[in-house]
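Colleague: I have a structure I would like to understand better, so I am pasting it below and will then ask my questions one at a time.
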Amino acid sequence: MVTSTLSQSQLDSFLQKGYAVIPQAITGPLLQQLRFFFHEQMYDNYEENRVANTVNGKSYICNLEHLFKSSNHTCLELLGAPCILEIAEAICGPDFFLIQEFAVIKMLGNPFEVLWHQDILNGRTGNCFTMGIYLDDADANDGALRVVPESHTSGKDICTLQHEPFIEVPVKAGDILIHDMMLAHSSGAMQHNPIRRVLYFEFLSVTQAVNENIYTVEQMYNRMRLMQLAVEYYQQQHPAEKKFDWKNTLAVSAEPLRSIHESLLDIHQSKSLSKPSAYCFENFVAGISSA
C-alpha cells in the first residue's frame with residue numbers, strides 16, 4: 001500500500017534544495033506487485049518496451065517504457081493512489097498531470113552510468129518534479145542518485161553544474177525520492193547490489209505548460225485522459241476509500257464504454273509529449289550511458 005504523503009519539512013526541503021526523500025512510502029503487497037510487474041516487463045516477451053545495453057556479449061536491461069500498455073495494471077493503480085496524487089498536488093498545484101512514466105534499471109556488471117542532466121528545462125513559472133519509486137535499495141557508491149543541491153534555481157547550464165559539489169542520496173526499497181526537474185543529477189554503475197529498479201512518474205501543471213508553451217493542448221488532453229483513468233481504476237479497486245478529487249483545468253470527457261486496456265492502448269497511440277532532457281556530453285566516453 002501507499003502510506004505516506006508529503007510533510008511540510010519534506011516540501012520545504014524540495015523547494016529549497018530541489019529534492020526530498022519520503023521513507024517507506026510503498027510497503028507490503030504493493031511493493032511485491034511492482035516487483036512482479038517489473039519481472040514481467042523485463043523477461044516475458046515485452047521487447048518493444050525494453051531498452052538494453054550489450055557488454056561483452058551480455059545484455060543488460062536498463063530502461064522500460066510504455067508502462068501502462070501492459071495488461072497488468074499495477075502501475076495504473078499506483079498512479080491513481082490518493083497519496084501519490086496528493087504529493088503531486090502539493091507541489092504542482094491542483095491542475096497537475098502526468099507528463100511521462102518510465103523505469104530505469106541498473107544491473108551489476110553493466111558499466112554504463114547515467115550522465116549529469118536536467119529532466120526538463122523550463123522557465124520556472126511553476127513547480128514540476130520527478131517522482132522516483134524505488135523497488136530496491138540504492139546505497140552510497142552503488143547506484144544511488146547524485147544531486148547538486150539547489151542547482152534547480154541556479155540558472156547555470158548542465159555542463160557547468162556537473163562540476164559543482166554534489167552529494168549522494170541513498171534510499172531504501174519502498175522509499176520515494178522526489179526532485180525538481182531542473183535539478184542537476186546523475187548516478188553511477190552498480191558495484192555491489194545485484195539490481196536497482198526505479199519507477200518514475202513526472203508531473204507538471206497545466207498552468208505552467210500553457211504559460212511556457214511546453215506542450216500542445218492535444219498532448220495535455222491525452223495525458224489527462226490517462227490521469228482520469230488512473231483515478232477511476234484505483235477507485236474501482238478500492239471502493240471503500242475516499243476518491244481523490246482531481247481538479248484538472250481542462251474539460252476531460254468520460255471515457256467511452258470499453259475495457260481499460262483498450263483505453264490505454266488508444267491513449268498511447270496519440271502523439272506523445274516531447275521536450276528533451278538537457279545532458280552534458282563534454283566528457284562522454286565509451287561505456288557511459290545517456291539513458
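Order determines the names: the first chain of the C-alpha cells is A, the second B, and so forth; residues in each chain are numbered 1 upward, and ligands are numbered 1 upward as they are shown.
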Taking only residues of stretch 69-94 of chain A that have an atom at most 12 Å from an atom of stretch 25-33 of chain A, what is each one's shortest atom pair and its distance in Å to one decimal, using only C-alpha atoms, in chain and number order, as CSV?
Modeller:
```
residue,atom,partner,partner_atom,distance
A:Asn72,CA,A:Gln33,CA,9.8
A:His73,CA,A:Gln33,CA,10.1
A:Thr74,CA,A:Gln33,CA,6.9
A:Cys75,CA,A:Gln33,CA,9.3
A:Glu77,CA,A:Leu30,CA,9.7
A:Leu78,CA,A:Leu30,CA,8.4
A:Ala81,CA,A:Ile26,CA,10.9
A:Cys83,CA,A:Ala25,CA,9.0
A:Ile84,CA,A:Ala25,CA,9.3
A:Ile87,CA,A:Ala25,CA,11.3
```
Colleague: The selected residues should be written to file as a short mmCIF file (atom, residue, chain, number, x, y, z; two decimals), in the first residue's frame (atoms: C-alpha atoms).
Modeller:
```cif
data_model
loop_
_atom_site.label_atom_id
_atom_site.label_comp_id
_atom_site.auth_asym_id
_atom_site.auth_seq_id
_atom_site.Cartn_x
_atom_site.Cartn_y
_atom_site.Cartn_z
CA ASN A 72 -1.03 -5.80 -15.79
CA HIS A 73 -2.44 -2.54 -14.36
CA THR A 74 -0.30 -2.30 -11.21
CA CYS A 75 1.32 0.95 -12.38
CA GLU A 77 -3.34 1.59 -9.81
CA LEU A 78 -0.25 3.16 -8.25
CA ALA A 81 -3.45 6.21 -5.40
CA CYS A 83 -1.28 9.57 -1.54
CA ILE A 84 0.66 9.74 -4.83
CA ILE A 87 2.11 14.70 -3.36
#
```
Colleague: Residues at most 9 Å from A:Ala103, counting only C-alpha atoms, excluding those fewer than 6 positions away in the same chain, as a PyMOL selection string?
Modeller: chain A and resi 38+62-65+67+132+197-201
Colleague: Please produce a file of those selected residues containing C-alpha atoms, as an mmCIF file, in the first residue's frame.
Modeller:
```
data_model
loop_
_atom_site.group_PDB
_atom_site.id
_atom_site.type_symbol
_atom_site.label_atom_id
_atom_site.label_comp_id
_atom_site.auth_asym_id
_atom_site.auth_seq_id
_atom_site.Cartn_x
_atom_site.Cartn_y
_atom_site.Cartn_z
ATOM 1 C CA PHE A 38 8.978 -5.361 -13.485
ATOM 2 C CA CYS A 62 18.413 -0.526 -18.499
ATOM 3 C CA ASN A 63 15.043 1.078 -19.305
ATOM 4 C CA LEU A 64 11.374 0.160 -19.520
ATOM 5 C CA GLU A 65 8.913 2.266 -21.487
ATOM 6 C CA LEU A 67 4.399 1.072 -18.630
ATOM 7 C CA GLY A 132 11.276 8.049 -8.206
ATOM 8 C CA ARG A 197 14.823 -0.805 -10.154
ATOM 9 C CA VAL A 198 13.139 2.601 -10.079
ATOM 10 C CA LEU A 199 9.715 3.550 -11.413
ATOM 11 C CA TYR A 200 9.467 7.213 -12.443
ATOM 12 C CA PHE A 201 6.428 9.494 -12.684
#
```
Colleague: Counting only C-alpha atoms, which of A:Asp137, A:Asp180, A:Asp95, A:Glu164 gets nearest to A:Gln24?
Modeller: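 Looking only at the distances to A:Gln24, the closest residue turns out to be A:Asp137.
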Colleague: Within stretch 28-196 of chain A, find each residue whose DSSP state, derived from the backbone, is strand (DSSP E or B), and express the selection as a ChimeraX atom specification.
Modeller: /A:50-55,58-64,96-107,114-118,129-134,138-139,142-143,145-147,167-169,171,176-180,185-187,195-196
Colleague: Using C-alpha atoms, can you export the residues from the last selection as a PDB file, in the first residue's frame?
Modeller:
```pdb
ATOM      1  CA  ARG A  50      12.637  -2.636 -23.178  1.00  0.00           C
ATOM      2  CA  VAL A  51      15.940  -0.864 -23.762  1.00  0.00           C
ATOM      3  CA  ALA A  52      19.113  -2.861 -23.192  1.00  0.00           C
ATOM      4  CA  ASN A  53      22.881  -2.421 -23.325  1.00  0.00           C
ATOM      5  CA  THR A  54      25.155  -5.219 -24.527  1.00  0.00           C
ATOM      6  CA  VAL A  55      28.512  -5.520 -22.787  1.00  0.00           C
ATOM      7  CA  LYS A  58      25.831  -9.994 -22.334  1.00  0.00           C
ATOM      8  CA  SER A  59      22.600  -7.975 -22.461  1.00  0.00           C
ATOM      9  CA  TYR A  60      21.629  -5.717 -19.557  1.00  0.00           C
ATOM     10  CA  ILE A  61      18.141  -4.203 -19.430  1.00  0.00           C
ATOM     11  CA  CYS A  62      18.413  -0.526 -18.499  1.00  0.00           C
ATOM     12  CA  ASN A  63      15.043   1.078 -19.305  1.00  0.00           C
ATOM     13  CA  LEU A  64      11.374   0.160 -19.520  1.00  0.00           C
ATOM     14  CA  PHE A  96      -1.223  18.818 -12.146  1.00  0.00           C
ATOM     15  CA  PHE A  97      -0.989  15.997 -14.660  1.00  0.00           C
ATOM     16  CA  LEU A  98       1.425  13.203 -15.537  1.00  0.00           C
ATOM     17  CA  ILE A  99       3.742  14.011 -18.434  1.00  0.00           C
ATOM     18  CA  GLN A 100       5.848  10.847 -18.543  1.00  0.00           C
ATOM     19  CA  GLU A 101       6.276   7.428 -16.959  1.00  0.00           C
ATOM     20  CA  PHE A 102       9.238   5.099 -17.355  1.00  0.00           C
ATOM     21  CA  ALA A 103      11.622   2.875 -15.411  1.00  0.00           C
ATOM     22  CA  VAL A 104      15.394   2.877 -15.019  1.00  0.00           C
ATOM     23  CA  ILE A 105      17.157  -0.367 -14.148  1.00  0.00           C
ATOM     24  CA  LYS A 106      20.750  -0.816 -13.053  1.00  0.00           C
ATOM     25  CA  MET A 107      22.235  -4.318 -13.030  1.00  0.00           C
ATOM     26  CA  VAL A 114      23.565   7.950 -16.115  1.00  0.00           C
ATOM     27  CA  LEU A 115      25.189  11.202 -17.229  1.00  0.00           C
ATOM     28  CA  TRP A 116      24.630  14.514 -15.489  1.00  0.00           C
ATOM     29  CA  HIS A 117      21.404  16.020 -16.760  1.00  0.00           C
ATOM     30  CA  GLN A 118      18.276  18.040 -16.015  1.00  0.00           C
ATOM     31  CA  PHE A 129       9.061  17.305 -10.490  1.00  0.00           C
ATOM     32  CA  THR A 130      10.144  13.715 -10.981  1.00  0.00           C
ATOM     33  CA  MET A 131       8.979  11.060  -8.521  1.00  0.00           C
ATOM     34  CA  GLY A 132      11.276   8.049  -8.206  1.00  0.00           C
ATOM     35  CA  ILE A 133       9.672   4.995  -6.569  1.00  0.00           C
ATOM     36  CA  TYR A 134      12.432   2.594  -5.501  1.00  0.00           C
ATOM     37  CA  ALA A 138      20.255   2.277  -3.615  1.00  0.00           C
ATOM     38  CA  ASP A 139      23.292   2.560  -1.366  1.00  0.00           C
ATOM     39  CA  ASP A 142      26.329   1.816  -5.507  1.00  0.00           C
ATOM     40  CA  GLY A 143      23.925   3.400  -7.983  1.00  0.00           C
ATOM     41  CA  LEU A 145      21.241   9.285  -7.126  1.00  0.00           C
ATOM     42  CA  ARG A 146      23.827  12.079  -7.140  1.00  0.00           C
ATOM     43  CA  VAL A 147      22.489  15.636  -6.971  1.00  0.00           C
ATOM     44  CA  ILE A 167      26.029  14.648  -2.733  1.00  0.00           C
ATOM     45  CA  GLU A 168      24.625  11.142  -2.972  1.00  0.00           C
ATOM     46  CA  VAL A 169      21.098  10.371  -1.760  1.00  0.00           C
ATOM     47  CA  VAL A 171      17.429   5.282  -0.280  1.00  0.00           C
ATOM     48  CA  ILE A 176      10.100   7.711  -2.809  1.00  0.00           C
ATOM     49  CA  LEU A 177      12.694  10.267  -3.894  1.00  0.00           C
ATOM     50  CA  ILE A 178      11.288  13.427  -5.487  1.00  0.00           C
ATOM     51  CA  HIS A 179      13.366  16.033  -7.270  1.00  0.00           C
ATOM     52  CA  ASP A 180      12.740  19.219  -9.210  1.00  0.00           C
ATOM     53  CA  HIS A 185      21.554  14.809 -11.167  1.00  0.00           C
ATOM     54  CA  SER A 186      23.289  11.619 -12.270  1.00  0.00           C
ATOM     55  CA  SER A 187      24.055   8.142 -10.954  1.00  0.00           C
ATOM     56  CA  ILE A 195      19.931  -4.701  -9.192  1.00  0.00           C
ATOM     57  CA  ARG A 196      18.328  -1.289  -8.688  1.00  0.00           C
TER      58      ARG A 196
END
```
Colleague: Residues within 12 Å of A:Thr207, please, as a short mmCIF file (atom, residue, chain, number, x, y, z; two decimals) with N, CA and C atoms, in the first residue's frame. Count only C-alpha atoms; anything in the same chain fewer than 5 positions from it doesn't count.
Modeller:
```cif
data_model
loop_
_atom_site.label_atom_id
_atom_site.label_comp_id
_atom_site.auth_asym_id
_atom_site.auth_seq_id
_atom_site.Cartn_x
_atom_site.Cartn_y
_atom_site.Cartn_z
N CYS A 92 2.74 20.76 -7.47
CA CYS A 92 2.41 21.40 -8.75
C CYS A 92 1.14 22.25 -8.71
N GLY A 93 0.29 22.03 -7.72
CA GLY A 93 -1.00 22.70 -7.68
C GLY A 93 -2.11 21.78 -8.16
N PRO A 94 -3.35 22.22 -8.04
CA PRO A 94 -4.49 21.34 -8.34
C PRO A 94 -4.63 20.93 -9.80
N ASP A 95 -3.98 21.66 -10.71
CA ASP A 95 -4.11 21.31 -12.14
C ASP A 95 -2.94 20.48 -12.65
N PHE A 96 -2.35 19.68 -11.76
CA PHE A 96 -1.22 18.82 -12.15
C PHE A 96 -1.68 17.73 -13.10
N PHE A 97 -0.73 17.19 -13.86
CA PHE A 97 -0.99 16.00 -14.66
C PHE A 97 0.33 15.28 -14.91
N ARG A 124 10.43 28.00 -14.96
CA ARG A 124 10.16 28.05 -13.53
C ARG A 124 8.98 28.97 -13.19
N THR A 125 7.95 28.95 -14.02
CA THR A 125 6.72 29.65 -13.66
C THR A 125 5.83 28.78 -12.78
N GLY A 126 6.32 27.61 -12.46
CA GLY A 126 5.62 26.69 -11.56
C GLY A 126 6.58 25.62 -11.12
N ASN A 127 6.11 24.71 -10.28
CA ASN A 127 6.94 23.60 -9.81
C ASN A 127 6.59 22.33 -10.58
N CYS A 128 7.59 21.71 -11.19
CA CYS A 128 7.40 20.40 -11.83
C CYS A 128 8.47 19.47 -11.28
N GLU A 212 4.28 28.53 -20.53
CA GLU A 212 5.59 28.39 -21.17
C GLU A 212 5.51 27.69 -22.53
N ASN A 213 4.31 27.43 -22.98
CA ASN A 213 4.11 26.78 -24.28
C ASN A 213 4.92 25.50 -24.39
N ILE A 214 4.85 24.67 -23.35
CA ILE A 214 5.65 23.45 -23.28
C ILE A 214 5.03 22.33 -24.11
N TYR A 215 3.72 22.15 -24.02
CA TYR A 215 3.03 21.11 -24.76
C TYR A 215 1.78 21.67 -25.41
N VAL A 217 -2.25 21.62 -26.47
CA VAL A 217 -3.47 21.25 -25.76
C VAL A 217 -3.83 19.79 -26.04
N MET A 220 -1.65 17.56 -23.85
CA MET A 220 -2.07 17.62 -22.45
C MET A 220 -3.39 16.89 -22.23
N ASN A 248 -8.65 19.09 -12.35
CA ASN A 248 -7.99 19.43 -13.60
C ASN A 248 -8.66 20.65 -14.24
N THR A 249 -7.90 21.42 -15.00
CA THR A 249 -8.43 22.66 -15.56
C THR A 249 -8.88 22.53 -17.00
N LEU A 250 -8.61 21.39 -17.64
CA LEU A 250 -9.13 21.14 -18.98
C LEU A 250 -10.30 20.17 -18.87
#
```
